[in-house]
Each structure stands twice: as structure tokens, then as C-alpha cells.
Amino acid sequence: MNTAFIIPCDFSLYHPHNQHYQACRETISTLKYPASGIGIVEYGGSPIEPSIQESLLEDVSFIAAYQHDEKIKAQIQQLPEKQVNTLCQIAALTWFFSLSEAQKIFPQPTQVMVVTPGVQINSDLFSQLSSQQQEDKFIFAPPTKATLRHEDTGGVLMQLSTTLWGFNSQQLPTVTQVLNKALHYTYQRFLQNGDIDLGHALFQFIDSSDIFFINQLPK
């Protein structure tokens, strides 16, 4: 089975000489494996600097740039920067995986791994991921105690690590449903002066029986 590494990035924060851009480059440099490809989902909403785009396209298959629609633009005007970043990341992943399903971006069964910039995947970890491909389950590290207050998250007591997580491309309909729920829930928490992030929201909407846990995944 092929593997697709998807790296969500905000290039409004990424410049060639800052640590965030370097983290993205470091991750890309560790993903040179047979039958695998790399894609970037950009959610900053600003045009990508040509020098950054040209440099990255030497090593990745595509950069999918999420353009903030009018609804998102209206929502983020009311929010502080940290919450804007969270909401746009979830919205971008929802958009990209919905598009992937509709346009059949993964025509063959593919293990899709979402990777946070800065994560390095060595050969041992890649072999572990390749040997644990599950057709009908998400892949996550075991959940941990919530780092946000349950009063803020609406009672979410645990969280899933979104440092490195994945699923089989045949699950795209389920993935987009989960992310749509997470997006709506996140915005509602923010409107109610609460707080949440992707990891807490995914724990809220993915049943543990639908997850294959791998202890070796970074937390």
C-alpha cells in the first residue's frame, strides 16, 4: 500500500530563516521512503511567498492552499490569533480531505499520515506504520489526559495526539464527517469563551473502537 504524508502548515508564519519553516523542511527530509508521497495543506490564507513555494515543490508532490471562505473570514474576525490558527487548521483539513474524496486524489488504497512540522519519521517508525495498516481504523498514539480544562472544552477529559496520526484513504467519508463535527464544535466552544484544539475535538468525535493505537507514535 502507498503512503501519503500530509503536512498542515500556516505559511503566514513560515519564513526561510525562522524555526517554523526549518521544522517543516526537517520533517520533509525524513520522509524519503519508497511508495510514499508528500503533500502540504496550507491554511494561512495569505499568498505563499514564491521563493518558499519553489523551494518546497522541489521535495513535495503538491501544496494545497486553503482559501478562507466568507464564513471562515467572518468567524475569525471575532477570535484571538491562537484560536484563529486552530479553527483554520481544522477547516483546511476538512476542505482538503473532502476534496480528496470528491476528486479521488488517492485512486489506490493509501495510508494517509498527517504529520506536524518538526516531526521526524525514521526508518523504524516508518516500518512500524507500514506493518500496521488498518483498512477501517484510525491510527493514533494512545490518548492522554486532557491538557485543557474540561470546563473550557465542554467536558472533554482526554485528548488524542495530532503530532502524527493517520487512516486508510477508504475512510475518507468518515474522516470528513469527523472533521466537520470537530470544526463546528470548535467554533461553538470559542463563541462560548471556551477553548479546544484538534486533539481534544478528535477524541470527542472518534469512538475508541475505531482506533488502532500504536505506542511508538510521538505523543
# chains A, B, ... in the order shown; residues from 1 in each chain; ligands from 1
call {"tool": "residues_around", "arguments": {"residues": "Gly199 (chain A)", "least_positions_apart": "6", "cutoff": "12 Å", "atoms": "only C-alpha atoms", "output": "ChimeraX atom specification"}}
result
/A:86,89-90,140-148,153,156-165,179,182-183,186,205-206,219
call {"tool": "write_last_selection", "arguments": {"atoms": "N, CA and C atoms", "output": "tab-separated table (two decimals), in the first residue's frame"}}
result
chain	number	residue	atom	x	y	z
A	86	THR	N	-6.15	27.58	15.19
A	86	THR	CA	-6.79	26.29	15.43
A	86	THR	C	-7.96	26.08	14.47
A	89	GLN	N	-6.84	25.60	10.80
A	89	GLN	CA	-6.22	24.30	10.57
A	89	GLN	C	-7.28	23.22	10.38
A	90	ILE	N	-8.28	23.19	11.27
A	90	ILE	CA	-9.33	22.18	11.16
A	90	ILE	C	-10.14	22.39	9.88
A	140	PHE	N	-3.54	6.23	15.89
A	140	PHE	CA	-3.14	7.28	16.82
A	140	PHE	C	-2.22	6.68	17.88
A	141	ALA	N	-1.47	7.55	18.54
A	141	ALA	CA	-0.84	7.17	19.80
A	141	ALA	C	-1.95	7.03	20.84
A	142	PRO	N	-1.73	6.26	21.91
A	142	PRO	CA	-2.76	6.15	22.96
A	142	PRO	C	-3.14	7.52	23.50
A	143	PRO	N	-4.42	7.72	23.84
A	143	PRO	CA	-4.85	9.03	24.33
A	143	PRO	C	-4.22	9.36	25.68
A	144	THR	N	-4.15	10.63	25.96
A	144	THR	CA	-3.60	11.10	27.23
A	144	THR	C	-4.61	12.03	27.90
A	145	LYS	N	-4.35	12.32	29.16
A	145	LYS	CA	-5.23	13.22	29.91
A	145	LYS	C	-5.27	14.59	29.23
A	146	ALA	N	-6.45	15.18	29.20
A	146	ALA	CA	-6.62	16.48	28.56
A	146	ALA	C	-5.71	17.53	29.19
A	147	THR	N	-5.11	18.34	28.34
A	147	THR	CA	-4.27	19.44	28.83
A	147	THR	C	-5.07	20.73	28.96
A	148	LEU	N	-6.28	20.75	28.41
A	148	LEU	CA	-7.17	21.90	28.56
A	148	LEU	C	-8.22	21.59	29.62
A	153	THR	N	-13.45	22.92	27.45
A	153	THR	CA	-13.65	22.07	26.28
A	153	THR	C	-15.07	21.51	26.18
A	156	VAL	N	-14.54	17.50	27.70
A	156	VAL	CA	-13.63	16.53	27.08
A	156	VAL	C	-12.49	16.25	28.06
A	157	LEU	N	-12.36	15.00	28.50
A	157	LEU	CA	-11.42	14.67	29.57
A	157	LEU	C	-10.11	14.07	29.06
A	158	MET	N	-10.06	13.68	27.79
A	158	MET	CA	-8.86	13.09	27.20
A	158	MET	C	-8.58	13.77	25.87
A	159	GLN	N	-7.39	13.52	25.34
A	159	GLN	CA	-7.05	14.07	24.04
A	159	GLN	C	-6.24	13.07	23.24
A	160	LEU	N	-6.34	13.19	21.91
A	160	LEU	CA	-5.52	12.40	21.01
A	160	LEU	C	-4.38	13.26	20.50
A	161	SER	N	-3.22	12.67	20.33
A	161	SER	CA	-2.09	13.41	19.80
A	161	SER	C	-2.25	13.58	18.30
A	162	THR	N	-2.15	14.82	17.84
A	162	THR	CA	-2.20	15.09	16.40
A	162	THR	C	-0.81	15.36	15.84
A	163	THR	N	0.21	14.99	16.61
A	163	THR	CA	1.59	15.11	16.12
A	163	THR	C	1.80	14.22	14.90
A	164	LEU	N	1.24	13.00	14.98
A	164	LEU	CA	1.31	12.06	13.86
A	164	LEU	C	0.13	11.11	13.99
A	165	TRP	N	-0.78	11.17	13.03
A	165	TRP	CA	-1.96	10.31	13.05
A	165	TRP	C	-2.36	9.97	11.63
A	179	LEU	N	-14.22	15.49	10.94
A	179	LEU	CA	-13.63	16.82	10.91
A	179	LEU	C	-14.69	17.92	10.83
A	182	ALA	N	-15.89	18.28	14.27
A	182	ALA	CA	-14.85	18.93	15.08
A	182	ALA	C	-14.81	20.43	14.78
A	183	LEU	N	-14.96	20.80	13.52
A	183	LEU	CA	-14.93	22.21	13.13
A	183	LEU	C	-16.09	22.97	13.76
A	186	THR	N	-15.62	23.15	17.61
A	186	THR	CA	-14.54	24.09	17.97
A	186	THR	C	-15.03	25.52	17.92
A	205	PHE	N	-15.05	12.99	18.98
A	205	PHE	CA	-15.88	12.51	17.88
A	205	PHE	C	-15.42	11.21	17.23
A	206	ILE	N	-14.31	10.63	17.68
A	206	ILE	CA	-13.89	9.32	17.17
A	206	ILE	C	-14.05	8.30	18.28
A	219	LYS	N	3.97	11.45	20.99
A	219	LYS	CA	2.80	12.00	21.69
A	219	LYS	C	2.69	13.50	21.39
call {"tool": "select_by_dssp", "arguments": {"residues": "region 17-118 of chain A", "states": "strand (DSSP E or B)", "output": "PDB file with C-alpha atoms, in the first residue's frame"}}
result
ATOM      1  CA  SER A  36       5.313   7.349  -0.497  1.00  0.00           C
ATOM      2  CA  GLY A  37       4.480  10.936  -1.377  1.00  0.00           C
ATOM      3  CA  ILE A  38       4.378  14.239   0.490  1.00  0.00           C
ATOM      4  CA  GLY A  39       1.728  16.955   0.327  1.00  0.00           C
ATOM      5  CA  ILE A  40       1.309  20.231   2.186  1.00  0.00           C
ATOM      6  CA  VAL A  41      -2.048  21.690   3.216  1.00  0.00           C
ATOM      7  CA  GLU A  42      -1.527  25.421   3.736  1.00  0.00           C
ATOM      8  CA  PHE A  62       1.765  19.346  -4.106  1.00  0.00           C
ATOM      9  CA  ILE A  63       0.841  22.326  -1.958  1.00  0.00           C
ATOM     10  CA  ALA A  64      -2.926  22.580  -1.437  1.00  0.00           C
ATOM     11  CA  ALA A  65      -3.688  26.149  -0.345  1.00  0.00           C
ATOM     12  CA  THR A 110      -3.344   4.662   0.514  1.00  0.00           C
ATOM     13  CA  GLN A 111      -2.245   5.030   4.089  1.00  0.00           C
ATOM     14  CA  VAL A 112      -2.648   8.747   4.819  1.00  0.00           C
ATOM     15  CA  MET A 113      -0.494  10.101   7.654  1.00  0.00           C
ATOM     16  CA  VAL A 114      -0.964  13.653   8.951  1.00  0.00           C
ATOM     17  CA  VAL A 115       2.356  14.978  10.241  1.00  0.00           C
TER      18      VAL A 115
END
call {"tool": "residues_around", "arguments": {"residues": "region 99-102 of chain A", "least_positions_apart": "3", "cutoff": "8 Å", "atoms": "only C-alpha atoms", "output": "PyMOL selection string"}}
result
chain A and resi 95-96+105-106+172-173
call {"tool": "select_by_dssp", "arguments": {"residues": "region 39-176 of chain A", "states": "alpha helix (DSSP H)", "output": "PyMOL selection string"}}
result
chain A and resi 50-56+70-76+81-103+123-131+150-153+172-176
call {"tool": "closest_residue", "arguments": {"among": "A:Thr94, A:Gln103, A:Gln108, A:Asn168", "to": "Leu129 (chain A)", "atoms": "only C-alpha atoms"}}
result
A:Asn168
call {"tool": "closest_residue", "arguments": {"among": "A:Phe213, A:Phe203, A:Tyr33, A:Phe190", "to": "Gln83 (chain A)", "atoms": "only C-alpha atoms"}}
result
A:Phe190
call {"tool": "residues_around", "arguments": {"residues": "Asp10 (chain A)", "least_positions_apart": "2", "cutoff": "9 Å", "atoms": "only C-alpha atoms", "output": "list of chain:residue names"}}
result
A:Pro8, A:Ser12, A:Leu13, A:Tyr14, A:Val41, A:Glu42, A:Tyr43, A:Gly44, A:Gly45, A:Ser46, A:Asn85, A:Gln89
call {"tool": "write_last_selection", "arguments": {"atoms": "C-alpha atoms", "output": "short mmCIF file (atom, residue, chain, number, x, y, z; two decimals), in the first residue's frame"}}
result
data_model
loop_
_atom_site.label_atom_id
_atom_site.label_comp_id
_atom_site.auth_asym_id
_atom_site.auth_seq_id
_atom_site.Cartn_x
_atom_site.Cartn_y
_atom_site.Cartn_z
CA PRO A 8 -0.62 21.04 7.60
CA SER A 12 1.91 33.26 7.05
CA LEU A 13 4.14 32.22 9.97
CA TYR A 14 6.78 30.44 7.89
CA VAL A 41 -2.05 21.69 3.22
CA GLU A 42 -1.53 25.42 3.74
CA TYR A 43 -4.10 27.21 5.88
CA GLY A 44 -2.69 30.69 6.49
CA GLY A 45 -4.94 32.31 3.92
CA SER A 46 -2.19 34.58 2.59
CA ASN A 85 -4.93 29.24 13.90
CA GLN A 89 -6.22 24.30 10.57
#
call {"tool": "residues_around", "arguments": {"residues": "Gly118 (chain A)", "least_positions_apart": "4", "cutoff": "12 Å", "atoms": "only C-alpha atoms", "output": "list in words"}}
result
Ile7, Pro8, Cys9, Gln19, His20, Tyr21, Gln22, Ala23, Cys24, Arg25, Glu26, Thr27, Ile28, Ser29, Thr30, Leu31, Thr163, Leu164 and Pro218 of chain A
call {"tool": "write_last_selection", "arguments": {"atoms": "C-alpha atoms", "output": "tab-separated table (two decimals), in the first residue's frame"}}
result
chain	number	residue	atom	x	y	z
A	7	ILE	CA	1.76	18.25	6.49
A	8	PRO	CA	-0.62	21.04	7.60
A	9	CYS	CA	1.21	24.39	7.64
A	19	GLN	CA	12.34	27.98	13.15
A	20	HIS	CA	8.87	27.12	11.85
A	21	TYR	CA	9.98	26.91	8.24
A	22	GLN	CA	13.04	24.91	9.22
A	23	ALA	CA	10.82	22.50	11.16
A	24	CYS	CA	8.80	21.86	8.02
A	25	ARG	CA	11.97	21.28	5.99
A	26	GLU	CA	13.34	18.89	8.61
A	27	THR	CA	10.18	16.81	8.51
A	28	ILE	CA	10.22	16.63	4.71
A	29	SER	CA	13.85	15.49	4.76
A	30	THR	CA	12.89	12.39	6.81
A	31	LEU	CA	10.06	11.27	4.52
A	163	THR	CA	1.59	15.11	16.12
A	164	LEU	CA	1.31	12.06	13.86
A	218	PRO	CA	5.14	10.51	19.14
call {"tool": "closest_residue", "arguments": {"among": "A:Ala35, A:Ala201, A:Ile121, A:Val175", "to": "Phe97 (chain A)", "atoms": "only C-alpha atoms"}}
result
A:Val175
call {"tool": "residues_around", "arguments": {"residues": "region 70-75 of chain A", "least_positions_apart": "5", "cutoff": "10 Å", "atoms": "only C-alpha atoms", "output": "PyMOL selection string"}}
result
chain A and resi 45+84+87-88+91+187+190-191
call {"tool": "closest_residue", "arguments": {"among": "A:Glu135, A:Glu81, A:Asp197, A:Glu151", "to": "Gln171 (chain A)", "atoms": "only C-alpha atoms"}}
result
A:Glu135
